Amino acid sequence: MTSNGEWLEIDGERVVQGLQAAREALASAHSDVVLDFSAVRRIDPNALRTMEKLAGLADGKAVKVVLRGVNVDIYKVLKLVKLTSRFSFLA
Amino acid sequence: MAEIVASLSEERIAYLEGLVSQARTAAAIFTQYTQEDVDRIVKPMVLAGLEQAQYLARLAIEETRLGVVEDKALKNMVATEFVYNYVKDKRTVGTIREFPERGVVEVAEPIGVIFSLTPITNPTSTVLFKCIMAIKTRNAVIFSPHPSAGHCCYEAVRIMHEAAVKHGAPEGVFTCLESQTLQDNAYLMRHKDVGLIDATGGPGMVKAAYSSGKPALGVGPGNTPVYLEKTADLNMAVVDIITSKTFDNGTICASEQTVVIDDEIYDSVLQKFSDLGAHICNEKETELLGRTVIDPKTGYMQPLAVGQKATDIARMVGLSVKPNTKLLIAPIQGVGREYPLSVEKLFPVLAVYRAKSVNEALTVCVDVNHAGGIGHTAVVFSRNDEIIQKFSELMNAGRIIVNSPGSIGALGGVYNDMVPTFSFGCGTGGGNSTTDNVNVYNYLNIKRVARRTQAHMWFRVPNQIYFNMNAVENLRQFPSRSTVIITNPAMEQIGHVDTVRRHIPPETLVHVSVIPDAEPEVKVVMQGVEALNFYKADQIIALGGGSVIDAAKIMKLKYESPEADLEELAAPFLDLRKRVVQYPTEKVTKARLIAISTTSGTGSEVTPFAVLTNKQQGRKVTLADYSLSPDVAIVDPQFVMSMPKGLTADTGVDCLTHALEAGVSIFASPYTDSNAMQAIRMVFKFLPIAYEHPQDEEARTMMHNAACIAAIAFSNASVGVNHALAHAFGARFGVAHGRANALMLPHVIAFNAGVPTKFMPSPNQRGYIAHKKYAMVADLLGLGGKTIEEKVKNLEAATERLLDRLAIPRSIAELGISKEEFERAMPELVKIAFDDPSWRSNPRMPLLSELAELFWSAYRGRSLPTVAKASQPQTAEEWSCV
Ligand SMILES: NC(=O)c1ccc[n+]([C@@H]2O[C@H](COP(=O)([O-])OP(=O)(O)OC[C@H]3O[C@@H](n4cnc5c(N)ncnc54)[C@H](O)[C@@H]3O)[C@@H](O)[C@H]2O)c1
Ligand SMILES: [Fe+2]
């Protein structure tokens with residue numbers, strides 16, 4: 001599923017920039033985009049809003065955004081704003 | 001909701017949705033924060049609030065035109081500094097409280113989005129207070145200020161937001177409606193993403209909040225009664241009342257409304273008020289005041305007067321008062337619509353009432369409390385603790401302020417150690433869900449993490465047990481003036497009574513009370529009590545089997561505590577330590593009970609149980625309490641040598657049943673196990689010998705000891721379903737206790753070894769272990785078998801062989817009871833067995849249908865086939881939990 005997709009590592013210190021790069025990648029992607037969250041400890045409202053947009057973009061393109069290595073605290077944030085159903089998760 | 005949506009424009013809905021979305025995002029982000037994170041944010045917010053206290057006070061006065069700027073500034077400071085002082089060391093993230101001795105930990109879960117309405121009377125202070133609480137608890141707040149205080153509140157929210165975000169709070173954590181309508185509020189109150197409504201303000205808004213269907217914190221209106229009692233420090237009281245009632249021109253809803261003053265001090269109190277700048281209204285002025293500041297139509301205060309100065313109100317009414325008048329005092333003669341000033345007045349007008357007695361004073365305070373102030377605040381000035389106590393019991397008020405100002409006192413932290421707040425919960429009387437001074441804990445979902453605790457267990461045995469041949473000689477050491485021997489005719493005939501008499505010291509007067517040869521009934525017990533009373537017994541010797549000893553236990557109970565109600569004491573219970581009924585502990589007459597057992601089965605000589613039979617009702621009741629345990633047990637085999645074979649068999653199987661049931665009981669412990677297992681070994685070895693060779697002294701001795709040892713086990717671990725069945729069946733069909741047990745025994749082993757339909761809650765055990773315990777017994781007896789299943793089967797078989805060897809009938813049918821008769825009895829048997837407390841310690845909870853099945857199995861005499869399947873592994877670890 002993910003082997004031929006695009007793989008992006010999100011820098012824990014520059015989450016919003018990383019997500020913006022992901023948006024660009026998604027714009028030209030034909031298969032799944034995997035975002036590696038292993039280095040991200042926390043997200044802020046900006047990052048969350050960017051993720052919402054990312055989910056919307058993926059919906060429009062029928063391409064999956066796969067989040068890898070999301071820590072459970074961030075997962076709970078996504079759950080609270082009802083975003084978990086819009087991403088796929090990879091351990 | 002559809003109606004509300006229809007009343008709002010699309011743009012307005014988009015605006016409101018935007019506020020909620022921001023708040024929701026901020027709240028979600030906030031969940032990632034630690035205690036240290038939030039504490040780092042709170043402090044600079046508090047400093048920003050303190051810095052802007054005066055600025056915000058001015059804004060509030062300009063906009064609302066009510067209150068006093070100095071007081072409003074002070075309120076802003078209380079709302080920041082005092083609230084901070086209270087919350088700063090409180091844990092509000094993660095584990096917030098620990099109760100190690102109970103194994104309980106409280107963990108905080110934020111609410112998320114709070115929709116908060118703030119009042120006109122304390123606009124900015126309420127905002128500051130709520131912002132601090134919200135950050136401390138990781139919640140986001142959408143504020144909806146009173147329409148006449150929108151600007152100052154907006155500014156307060158802005159200042160708090162700026163300080164919070166600067167120090168790391170998620171952006172959007174506070175938002176504020178720039179202007180609001182009832183529709184806006186209604187929309188937000190019902191929004192699915194709003195978790196809680198915190199409504200501080202007037203009754204209409206609070207009611208709307210509670211009616212929205214959302215969880216809400218609301219406050220209620222006040223009408224604070226004050227009792228100024230004659231022992232009070234009058235100088236202090238008068239200054240306190242003036243300070244409080246004039247604070248921010250009386251806008252705090254906890255401020256004093258009617259002061260009820262004892263007759264003896266009334267004049268001097270009024271003089272003091274007057275000396276300190278109050279104007280005491282005469283009758284005409286009071287009437288005029290009442291007509292003007294209270295709306296005659298509604299009976300409520302006129303909004304125009306709220307928060308105005310005393311002199312301005314006097315001008316409004318047309319009273320001439322001194323220019324520096326602080327307070328208008330209006331004497332009233334009662335409470336209610338005829339006395340308009342007896343209601344809440346959020347301005348410096350105070351009603352006073354002259355009370356002729358304490359009773360009258362308290363009655364008027366109750367009236368004031370109920371005239372619109374239930375659940376809010378009440379104040380008492382007194383040095384008499386009884387009066388303060390009485391007042392506290394009578395007033396329905398979340399805050400009862402003693403010897404201090406009502407308004408500032410209720411805010412908490414200044415005059416007392418109450419929690420600082422700007423929201424006074426008024427309880428159900430005020431239409432609220434809490435009487436708290438609303439605080440950080442009301443902004444949290446508190447989760448209780450409850451660890452499994454091990455209930456304390458016990459192991460109690462009578463402190464004197466004399467055993468082995470001629471142990472009866474020990475009777476010599478017990479001095480007594482008057483001893484009554486309770487026994488039955490058989491004991492007299494056999495000569496056991498004479499044997500006992502020989503060992504009682506010669507100076508003791510001995511009386512023998514012979515009771516019928518049957519399981520005890522109340523009538524028999526009461527006859528025995530008469531004998532004990534007649535002879536003023538200081539010692540009771542029970543000589544006989546379980547029936548006699550049980551009868552003696554109950555006689556002693558009734559002798560020492562004649563008022564004890566046996567029916568009540570036999571009331572059902574689930575856990576001995578928590579049961580409802582209490583056995584009498586204060587004994588008037590203390591008689592020593594010495595139990596000499598003449599059967600080797602019940603072990604009644606050491607147990608805390610006594611079984612009463614009700615032949616008419618065909619049932620038995622079990623009394624259980626350690627106060628029933630005999631003081632001394634004599635286990636002397638010379639008294640059992642005469643037992644006929646049938647009795648030896650029946651009582652021996654009773655003993656085995658005790659040990660097996662105690663072994664698998666949910667209250668089994670290593671202490672009871674050691675006794676239960678030893679008793680089982682002794683029974684399997686010596687019961688057949690005692691049965692076949694009644695004169696074998698060793699076998700008799702061992703069986704007699706086994707019965708006592710098994711009883712020590714079940715006195716502490718209790719018995720099980722076998723006894724419940726046997727009690728019901730034995731009483732209904734007149735079958736001896738031991739025999740009834742024997743008929744059930746193999747079926748009960750199979751039943752307990754099977755996978756339960758219903759598990760019995762048993763906090764002291766790890767998993768289901770009854771089958772493993774049986775396997776352990778099989779190992780102990782050297783019965784062989786590789787798996788637990790095989791071992792259980794071998795135990796069942798060994799039990800069957802033992803019963804065969806004892807020539808015990810193997811089915812109820814064999815007793816000559818017809819199937820039809822048994823069928824007819826079944827509903828009652830099941831009912832009685834289910835009511836029997838014995839099975840409460842059984843490892844497997846019997847369903848009613850299973851009790852019937854067990855009865856039928858015993859009737860047919862075949863074992864139930866099911867055995868627990870999950871029983872294969874036999875690691876050391878598994879055994880260790882046994
Ligand atoms: N208190 C407890 O802890 C406890 C426990 C189990 C059973 N019980 C109760 O105990 C009663 C049964 O007691 P039990 O089994 O000892 O029988 P029992 O006391 O009813 O005696 C049975 C019969 O044997 C006779 N007898 C007793 N000792 C004798 C001896 N040495 N030689 C010849 N005959 C003798 C008695 O006179 C009687 O006729 C029942 O009511 C039962 O519910 C009480
Ligand atoms: Fe018994």
# chains A, B, ... in the order shown; residues from 1 in each chain; ligands from 1
call {"tool": "interface_residues", "arguments": {"of": "chain B", "to": "chain A", "cutoff": "7 Å", "atoms": "only C-alpha atoms", "output": "PyMOL selection string"}}
result
chain B and resi 24-26+28-29+31-32+170-171
call {"tool": "write_last_selection", "arguments": {"atoms": "all heavy atoms", "output": "PDB file, in the first residue's frame"}}
result
ATOM      1  N   ARG B  24     -12.519  24.757  19.928  1.00  0.00           N
ATOM      2  CA  ARG B  24     -12.373  23.296  19.901  1.00  0.00           C
ATOM      3  C   ARG B  24     -10.936  22.900  19.564  1.00  0.00           C
ATOM      4  O   ARG B  24     -10.356  22.002  20.186  1.00  0.00           O
ATOM      5  CB  ARG B  24     -13.341  22.707  18.867  1.00  0.00           C
ATOM      6  CG  ARG B  24     -13.401  21.209  18.920  1.00  0.00           C
ATOM      7  CD  ARG B  24     -14.387  20.672  17.923  1.00  0.00           C
ATOM      8  NE  ARG B  24     -13.823  20.655  16.589  1.00  0.00           N
ATOM      9  CZ  ARG B  24     -14.237  19.853  15.617  1.00  0.00           C
ATOM     10  NH1 ARG B  24     -15.236  19.034  15.839  1.00  0.00           N
ATOM     11  NH2 ARG B  24     -13.677  19.881  14.441  1.00  0.00           N
ATOM     12  N   THR B  25     -10.365  23.611  18.586  1.00  0.00           N
ATOM     13  CA  THR B  25      -8.979  23.329  18.219  1.00  0.00           C
ATOM     14  C   THR B  25      -8.055  23.592  19.408  1.00  0.00           C
ATOM     15  O   THR B  25      -7.209  22.769  19.753  1.00  0.00           O
ATOM     16  CB  THR B  25      -8.570  24.223  17.033  1.00  0.00           C
ATOM     17  OG1 THR B  25      -9.469  23.958  15.968  1.00  0.00           O
ATOM     18  CG2 THR B  25      -7.149  23.963  16.581  1.00  0.00           C
ATOM     19  N   ALA B  26      -8.268  24.767  20.034  1.00  0.00           N
ATOM     20  CA  ALA B  26      -7.399  25.111  21.163  1.00  0.00           C
ATOM     21  C   ALA B  26      -7.528  24.066  22.266  1.00  0.00           C
ATOM     22  O   ALA B  26      -6.524  23.625  22.849  1.00  0.00           O
ATOM     23  CB  ALA B  26      -7.771  26.489  21.696  1.00  0.00           C
ATOM     24  N   ALA B  28      -8.374  20.958  22.037  1.00  0.00           N
ATOM     25  CA  ALA B  28      -7.753  19.684  21.649  1.00  0.00           C
ATOM     26  C   ALA B  28      -6.239  19.764  21.800  1.00  0.00           C
ATOM     27  O   ALA B  28      -5.598  18.867  22.354  1.00  0.00           O
ATOM     28  CB  ALA B  28      -8.137  19.341  20.210  1.00  0.00           C
ATOM     29  N   ILE B  29      -5.672  20.878  21.337  1.00  0.00           N
ATOM     30  CA  ILE B  29      -4.220  21.061  21.456  1.00  0.00           C
ATOM     31  C   ILE B  29      -3.808  21.072  22.926  1.00  0.00           C
ATOM     32  O   ILE B  29      -2.791  20.520  23.319  1.00  0.00           O
ATOM     33  CB  ILE B  29      -3.809  22.405  20.783  1.00  0.00           C
ATOM     34  CG1 ILE B  29      -4.082  22.363  19.274  1.00  0.00           C
ATOM     35  CG2 ILE B  29      -2.347  22.764  21.075  1.00  0.00           C
ATOM     36  CD1 ILE B  29      -3.255  21.377  18.496  1.00  0.00           C
ATOM     37  N   THR B  31      -4.809  19.470  25.333  1.00  0.00           N
ATOM     38  CA  THR B  31      -4.729  18.169  26.030  1.00  0.00           C
ATOM     39  C   THR B  31      -3.291  17.657  26.090  1.00  0.00           C
ATOM     40  O   THR B  31      -2.981  16.771  26.873  1.00  0.00           O
ATOM     41  CB  THR B  31      -5.611  17.097  25.351  1.00  0.00           C
ATOM     42  OG1 THR B  31      -5.169  16.920  24.005  1.00  0.00           O
ATOM     43  CG2 THR B  31      -7.073  17.473  25.368  1.00  0.00           C
ATOM     44  N   GLN B  32      -2.425  18.197  25.234  1.00  0.00           N
ATOM     45  CA  GLN B  32      -1.040  17.719  25.235  1.00  0.00           C
ATOM     46  C   GLN B  32      -0.199  18.345  26.338  1.00  0.00           C
ATOM     47  O   GLN B  32       0.947  17.978  26.547  1.00  0.00           O
ATOM     48  CB  GLN B  32      -0.370  18.059  23.902  1.00  0.00           C
ATOM     49  CG  GLN B  32      -1.081  17.522  22.675  1.00  0.00           C
ATOM     50  CD  GLN B  32      -0.506  18.152  21.407  1.00  0.00           C
ATOM     51  OE1 GLN B  32       0.264  17.545  20.703  1.00  0.00           O
ATOM     52  NE2 GLN B  32      -0.872  19.387  21.139  1.00  0.00           N
ATOM     53  N   PRO B 170      -2.506  27.642  23.722  1.00  0.00           N
ATOM     54  CA  PRO B 170      -2.901  27.564  22.310  1.00  0.00           C
ATOM     55  C   PRO B 170      -3.754  28.765  21.917  1.00  0.00           C
ATOM     56  O   PRO B 170      -4.623  29.184  22.673  1.00  0.00           O
ATOM     57  CB  PRO B 170      -3.716  26.272  22.237  1.00  0.00           C
ATOM     58  CG  PRO B 170      -4.038  25.891  23.622  1.00  0.00           C
ATOM     59  CD  PRO B 170      -3.083  26.580  24.541  1.00  0.00           C
ATOM     60  N   GLU B 171      -3.466  29.262  20.760  1.00  0.00           N
ATOM     61  CA  GLU B 171      -4.228  30.412  20.285  1.00  0.00           C
ATOM     62  C   GLU B 171      -5.711  30.036  20.176  1.00  0.00           C
ATOM     63  O   GLU B 171      -6.037  28.903  19.830  1.00  0.00           O
ATOM     64  CB  GLU B 171      -3.718  30.797  18.907  1.00  0.00           C
ATOM     65  CG  GLU B 171      -3.780  32.285  18.712  1.00  0.00           C
ATOM     66  CD  GLU B 171      -3.042  32.678  17.460  1.00  0.00           C
ATOM     67  OE1 GLU B 171      -1.838  32.345  17.375  1.00  0.00           O
ATOM     68  OE2 GLU B 171      -3.697  33.246  16.597  1.00  0.00           O
TER      69      GLU B 171
END
call {"tool": "residues_around", "arguments": {"residues": "stretch 138-155 of chain B", "least_positions_apart": "2", "cutoff": "6 Å", "atoms": "only C-alpha atoms", "output": "ChimeraX atom specification"}}
result
/B:23,27,30,59-60,64,110,112-120,124,134-136,157-158,173-177
call {"tool": "residues_around", "arguments": {"residues": "stretch 54-69 of chain A", "least_positions_apart": "5", "cutoff": "8 Å", "atoms": "only C-alpha atoms", "output": "PyMOL selection string"}}
result
chain A and resi 19+22-23+26-27+29-38+86-91
call {"tool": "write_last_selection", "arguments": {"atoms": "N, CA and C atoms", "output": "JSON list (two decimals), in the first residue's frame"}}
result
[["chain", "number", "residue", "atom", "x", "y", "z"],
["A", 19, "LEU", "N", 4.32, 20.07, 7.10],
["A", 19, "LEU", "CA", 2.98, 19.77, 6.59],
["A", 19, "LEU", "C", 2.69, 20.52, 5.30],
["A", 22, "ALA", "N", 4.16, 18.72, 2.66],
["A", 22, "ALA", "CA", 3.31, 17.56, 2.37],
["A", 22, "ALA", "C", 2.15, 17.95, 1.47],
["A", 23, "ARG", "N", 1.61, 19.14, 1.71],
["A", 23, "ARG", "CA", 0.50, 19.61, 0.84],
["A", 23, "ARG", "C", 0.96, 19.70, -0.60],
["A", 26, "LEU", "N", 1.37, 16.35, -2.03],
["A", 26, "LEU", "CA", 0.06, 15.73, -2.28],
["A", 26, "LEU", "C", -0.57, 16.25, -3.57],
["A", 27, "ALA", "N", -0.31, 17.53, -3.84],
["A", 27, "ALA", "CA", -0.90, 18.12, -5.05],
["A", 27, "ALA", "C", -0.49, 17.34, -6.30],
["A", 29, "ALA", "N", 0.69, 14.15, -6.17],
["A", 29, "ALA", "CA", 0.79, 12.71, -5.90],
["A", 29, "ALA", "C", -0.32, 11.92, -6.59],
["A", 30, "HIS", "N", 0.06, 10.68, -7.01],
["A", 30, "HIS", "CA", -0.95, 9.80, -7.59],
["A", 30, "HIS", "C", -1.21, 8.60, -6.69],
["A", 31, "SER", "N", -0.34, 8.48, -5.72],
["A", 31, "SER", "CA", -0.58, 7.39, -4.76],
["A", 31, "SER", "C", -0.43, 7.95, -3.34],
["A", 32, "ASP", "N", -0.54, 7.06, -2.36],
["A", 32, "ASP", "CA", -0.56, 7.50, -0.96],
["A", 32, "ASP", "C", 0.67, 8.33, -0.58],
["A", 33, "VAL", "N", 0.44, 9.25, 0.35],
["A", 33, "VAL", "CA", 1.55, 10.03, 0.89],
["A", 33, "VAL", "C", 1.72, 9.63, 2.36],
["A", 34, "VAL", "N", 2.91, 9.23, 2.68],
["A", 34, "VAL", "CA", 3.16, 8.81, 4.06],
["A", 34, "VAL", "C", 3.90, 9.93, 4.79],
["A", 35, "LEU", "N", 3.32, 10.37, 5.92],
["A", 35, "LEU", "CA", 4.00, 11.40, 6.71],
["A", 35, "LEU", "C", 4.52, 10.75, 7.98],
["A", 36, "ASP", "N", 5.82, 10.84, 8.16],
["A", 36, "ASP", "CA", 6.41, 10.20, 9.32],
["A", 36, "ASP", "C", 6.42, 11.18, 10.49],
["A", 37, "PHE", "N", 5.59, 10.87, 11.50],
["A", 37, "PHE", "CA", 5.44, 11.75, 12.66],
["A", 37, "PHE", "C", 6.31, 11.34, 13.84],
["A", 38, "SER", "N", 7.21, 10.38, 13.60],
["A", 38, "SER", "CA", 7.98, 9.83, 14.74],
["A", 38, "SER", "C", 8.72, 10.90, 15.53],
["A", 86, "ARG", "N", -10.10, 10.60, 8.94],
["A", 86, "ARG", "CA", -9.71, 11.13, 7.62],
["A", 86, "ARG", "C", -8.26, 10.81, 7.26],
["A", 87, "PHE", "N", -7.56, 10.17, 8.14],
["A", 87, "PHE", "CA", -6.19, 9.73, 7.84],
["A", 87, "PHE", "C", -6.11, 8.22, 8.05],
["A", 88, "SER", "N", -5.06, 7.63, 7.46],
["A", 88, "SER", "CA", -4.74, 6.24, 7.82],
["A", 88, "SER", "C", -3.55, 6.31, 8.76],
["A", 89, "PHE", "N", -3.47, 5.32, 9.62],
["A", 89, "PHE", "CA", -2.37, 5.33, 10.59],
["A", 89, "PHE", "C", -1.52, 4.07, 10.46],
["A", 90, "LEU", "N", -0.24, 4.28, 10.61],
["A", 90, "LEU", "CA", 0.72, 3.19, 10.49],
["A", 90, "LEU", "C", 1.60, 3.24, 11.75],
["A", 91, "ALA", "N", 1.79, 2.09, 12.36],
["A", 91, "ALA", "CA", 2.57, 2.07, 13.61],
["A", 91, "ALA", "C", 4.04, 2.38, 13.34]]
call {"tool": "closest_atom_pairs", "arguments": {"of": "chain B", "to": "ligand 2", "cutoff": "7 Å", "atoms": "only C-alpha atoms and all ligand atoms", "output": "tab-separated table"}}
result
residue	atom	partner	partner_atom_place_in_ligand_line	distance
B:Thr602	CA	ligand 2	1 (Fe)	5.2
B:Asp654	CA	ligand 2	1 (Fe)	5.0
B:Cys655	CA	ligand 2	1 (Fe)	6.7
B:Thr657	CA	ligand 2	1 (Fe)	7.0
B:His658	CA	ligand 2	1 (Fe)	6.0
B:His723	CA	ligand 2	1 (Fe)	6.4
B:His737	CA	ligand 2	1 (Fe)	6.6
B:Gly738	CA	ligand 2	1 (Fe)	6.5
call {"tool": "residues_near_ligand", "arguments": {"ligand": "ligand 1", "cutoff": "6 Å", "atoms": "only C-alpha atoms and all ligand atoms", "output": "PyMOL selection string"}}
result
chain B and resi 490+517-519+544-548+550+598-599+601-604+607+609-611+639-640+642-644+651+737-738
call {"tool": "residues_around", "arguments": {"residues": "stretch 683-687 of chain B", "least_positions_apart": "5", "cutoff": "7 Å", "atoms": "only C-alpha atoms", "output": "MDAnalysis selection string"}}
result
chainID B and resid 652 656 699 702:703 706
call {"tool": "atom_distance", "arguments": {"atom1": "atom CA of B:Gly646", "atom2": "atom CA of B:Ala633"}}
result
24.5 Å
call {"tool": "residues_around", "arguments": {"residues": "B:Asn675", "least_positions_apart": "6", "cutoff": "8 Å", "atoms": "only C-alpha atoms", "output": "list in words"}}
result
Ala659, Ile709, Ala710, Ile712 and Ala713 of chain B
call {"tool": "select_by_dssp", "arguments": {"residues": "stretch 408-451 of chain B", "states": "strand (DSSP E)", "output": "list in words"}}
result
Leu444, Asn445, Ile446, Lys447, Arg448, Val449 and Ala450 of chain B
call {"tool": "atom_distance", "arguments": {"atom1": "atom CA of B:Ala778", "atom2": "atom CA of B:Ser811"}}
result
23.9 Å
call {"tool": "residues_around", "arguments": {"residues": "B:Lys284", "least_positions_apart": "4", "cutoff": "12 Å", "atoms": "only C-alpha atoms", "output": "ChimeraX atom specification"}}
result
/B:280,288-291,317-319,330-332
call {"tool": "write_last_selection", "arguments": {"atoms": "N, CA, C and O atoms", "output": "compact mmCIF listing (two decimals), in the first residue's frame"}}
result
# COMPACT_ATOMS: atom_id res chain seq x y z
N ILE B 280 -31.13 55.84 59.14
CA ILE B 280 -32.20 54.94 59.58
C ILE B 280 -33.53 55.54 59.14
O ILE B 280 -33.89 56.66 59.55
N LEU B 288 -41.94 54.60 51.43
CA LEU B 288 -41.61 55.27 50.18
C LEU B 288 -40.48 54.52 49.44
O LEU B 288 -40.55 54.28 48.23
N LEU B 289 -39.49 54.13 50.22
CA LEU B 289 -38.35 53.40 49.66
C LEU B 289 -38.82 52.09 49.02
O LEU B 289 -38.47 51.76 47.89
N GLY B 290 -39.64 51.40 49.77
CA GLY B 290 -40.16 50.11 49.30
C GLY B 290 -40.92 50.26 48.01
O GLY B 290 -40.83 49.41 47.11
N ARG B 291 -41.69 51.32 47.93
CA ARG B 291 -42.51 51.53 46.73
C ARG B 291 -41.64 51.87 45.52
O ARG B 291 -42.00 51.59 44.39
N VAL B 317 -35.52 58.50 45.46
CA VAL B 317 -36.75 58.24 46.23
C VAL B 317 -37.35 59.53 46.78
O VAL B 317 -38.56 59.64 46.99
N GLY B 318 -36.47 60.50 46.98
CA GLY B 318 -36.93 61.76 47.56
C GLY B 318 -36.75 61.82 49.05
O GLY B 318 -37.56 62.41 49.77
N LEU B 319 -35.72 61.15 49.55
CA LEU B 319 -35.42 61.22 50.98
C LEU B 319 -34.34 62.24 51.21
O LEU B 319 -33.42 62.35 50.39
N ALA B 330 -33.77 50.22 56.59
CA ALA B 330 -35.23 50.29 56.64
C ALA B 330 -35.78 49.22 57.57
O ALA B 330 -35.69 48.04 57.27
N PRO B 331 -36.34 49.63 58.71
CA PRO B 331 -36.94 48.63 59.61
C PRO B 331 -38.19 48.03 58.97
O PRO B 331 -39.02 48.76 58.42
N ILE B 332 -38.29 46.71 59.03
CA ILE B 332 -39.49 46.04 58.48
C ILE B 332 -40.11 45.18 59.58
O ILE B 332 -39.43 44.80 60.53
call {"tool": "atom_distance", "arguments": {"atom1": "atom CA of B:Lys556", "atom2": "atom CA of B:Val621"}}
result
17.2 Å
call {"tool": "select_by_dssp", "arguments": {"residues": "stretch 17-61 of chain A", "states": "alpha helix (DSSP H)", "output": "JSON, numbers by chain"}}
result
{"A": [17, 18, 19, 20, 21, 22, 23, 24, 25, 26, 27, 28, 45, 46, 47, 48, 49, 50, 51, 52, 53, 54, 55, 56, 57, 58, 59, 60, 61]}
call {"tool": "residues_around", "arguments": {"residues": "B:Met418", "least_positions_apart": "6", "cutoff": "12 Å", "atoms": "only C-alpha atoms", "output": "list in words"}}
result
Phe82, Val83, Tyr86, Gly398, Arg399, Ile400, Ile401, Val402, Ile408, Gly409, Ala410, Leu411, Gly412, Phe424, Asp436, Asn437, Val438 and Asn439 of chain B
call {"tool": "closest_residue", "arguments": {"among": "B:Val38, B:Ala471, B:Val379, B:Ile374", "to": "B:Gly427", "atoms": "only C-alpha atoms"}}
result
B:Ile374
call {"tool": "decode", "arguments": {"residues": "stretch 67-87 of chain A", "atoms": "C-alpha atoms", "output": "mmCIF file, in the first residue's frame"}}
result
data_model
loop_
_atom_site.group_PDB
_atom_site.id
_atom_site.type_symbol
_atom_site.label_atom_id
_atom_site.label_comp_id
_atom_site.auth_asym_id
_atom_site.auth_seq_id
_atom_site.Cartn_x
_atom_site.Cartn_y
_atom_site.Cartn_z
ATOM 1 C CA LEU A 67 0.425 9.064 9.257
ATOM 2 C CA ARG A 68 3.242 6.980 10.634
ATOM 3 C CA GLY A 69 4.517 6.914 14.214
ATOM 4 C CA VAL A 70 1.927 9.312 15.633
ATOM 5 C CA ASN A 71 2.250 9.451 19.401
ATOM 6 C CA VAL A 72 -0.918 8.824 21.337
ATOM 7 C CA ASP A 73 -1.147 12.365 22.703
ATOM 8 C CA ILE A 74 -1.303 13.751 19.170
ATOM 9 C CA TYR A 75 -3.664 10.935 18.208
ATOM 10 C CA LYS A 76 -6.024 12.075 20.987
ATOM 11 C CA VAL A 77 -5.899 15.662 19.665
ATOM 12 C CA LEU A 78 -6.875 14.384 16.216
ATOM 13 C CA LYS A 79 -9.614 12.293 17.791
ATOM 14 C CA LEU A 80 -11.050 15.293 19.643
ATOM 15 C CA VAL A 81 -11.326 17.323 16.451
ATOM 16 C CA LYS A 82 -12.679 14.260 14.632
ATOM 17 C CA LEU A 83 -9.778 14.018 12.195
ATOM 18 C CA THR A 84 -8.705 10.424 12.825
ATOM 19 C CA SER A 85 -11.203 9.002 10.373
ATOM 20 C CA ARG A 86 -9.710 11.129 7.618
ATOM 21 C CA PHE A 87 -6.190 9.726 7.836
#
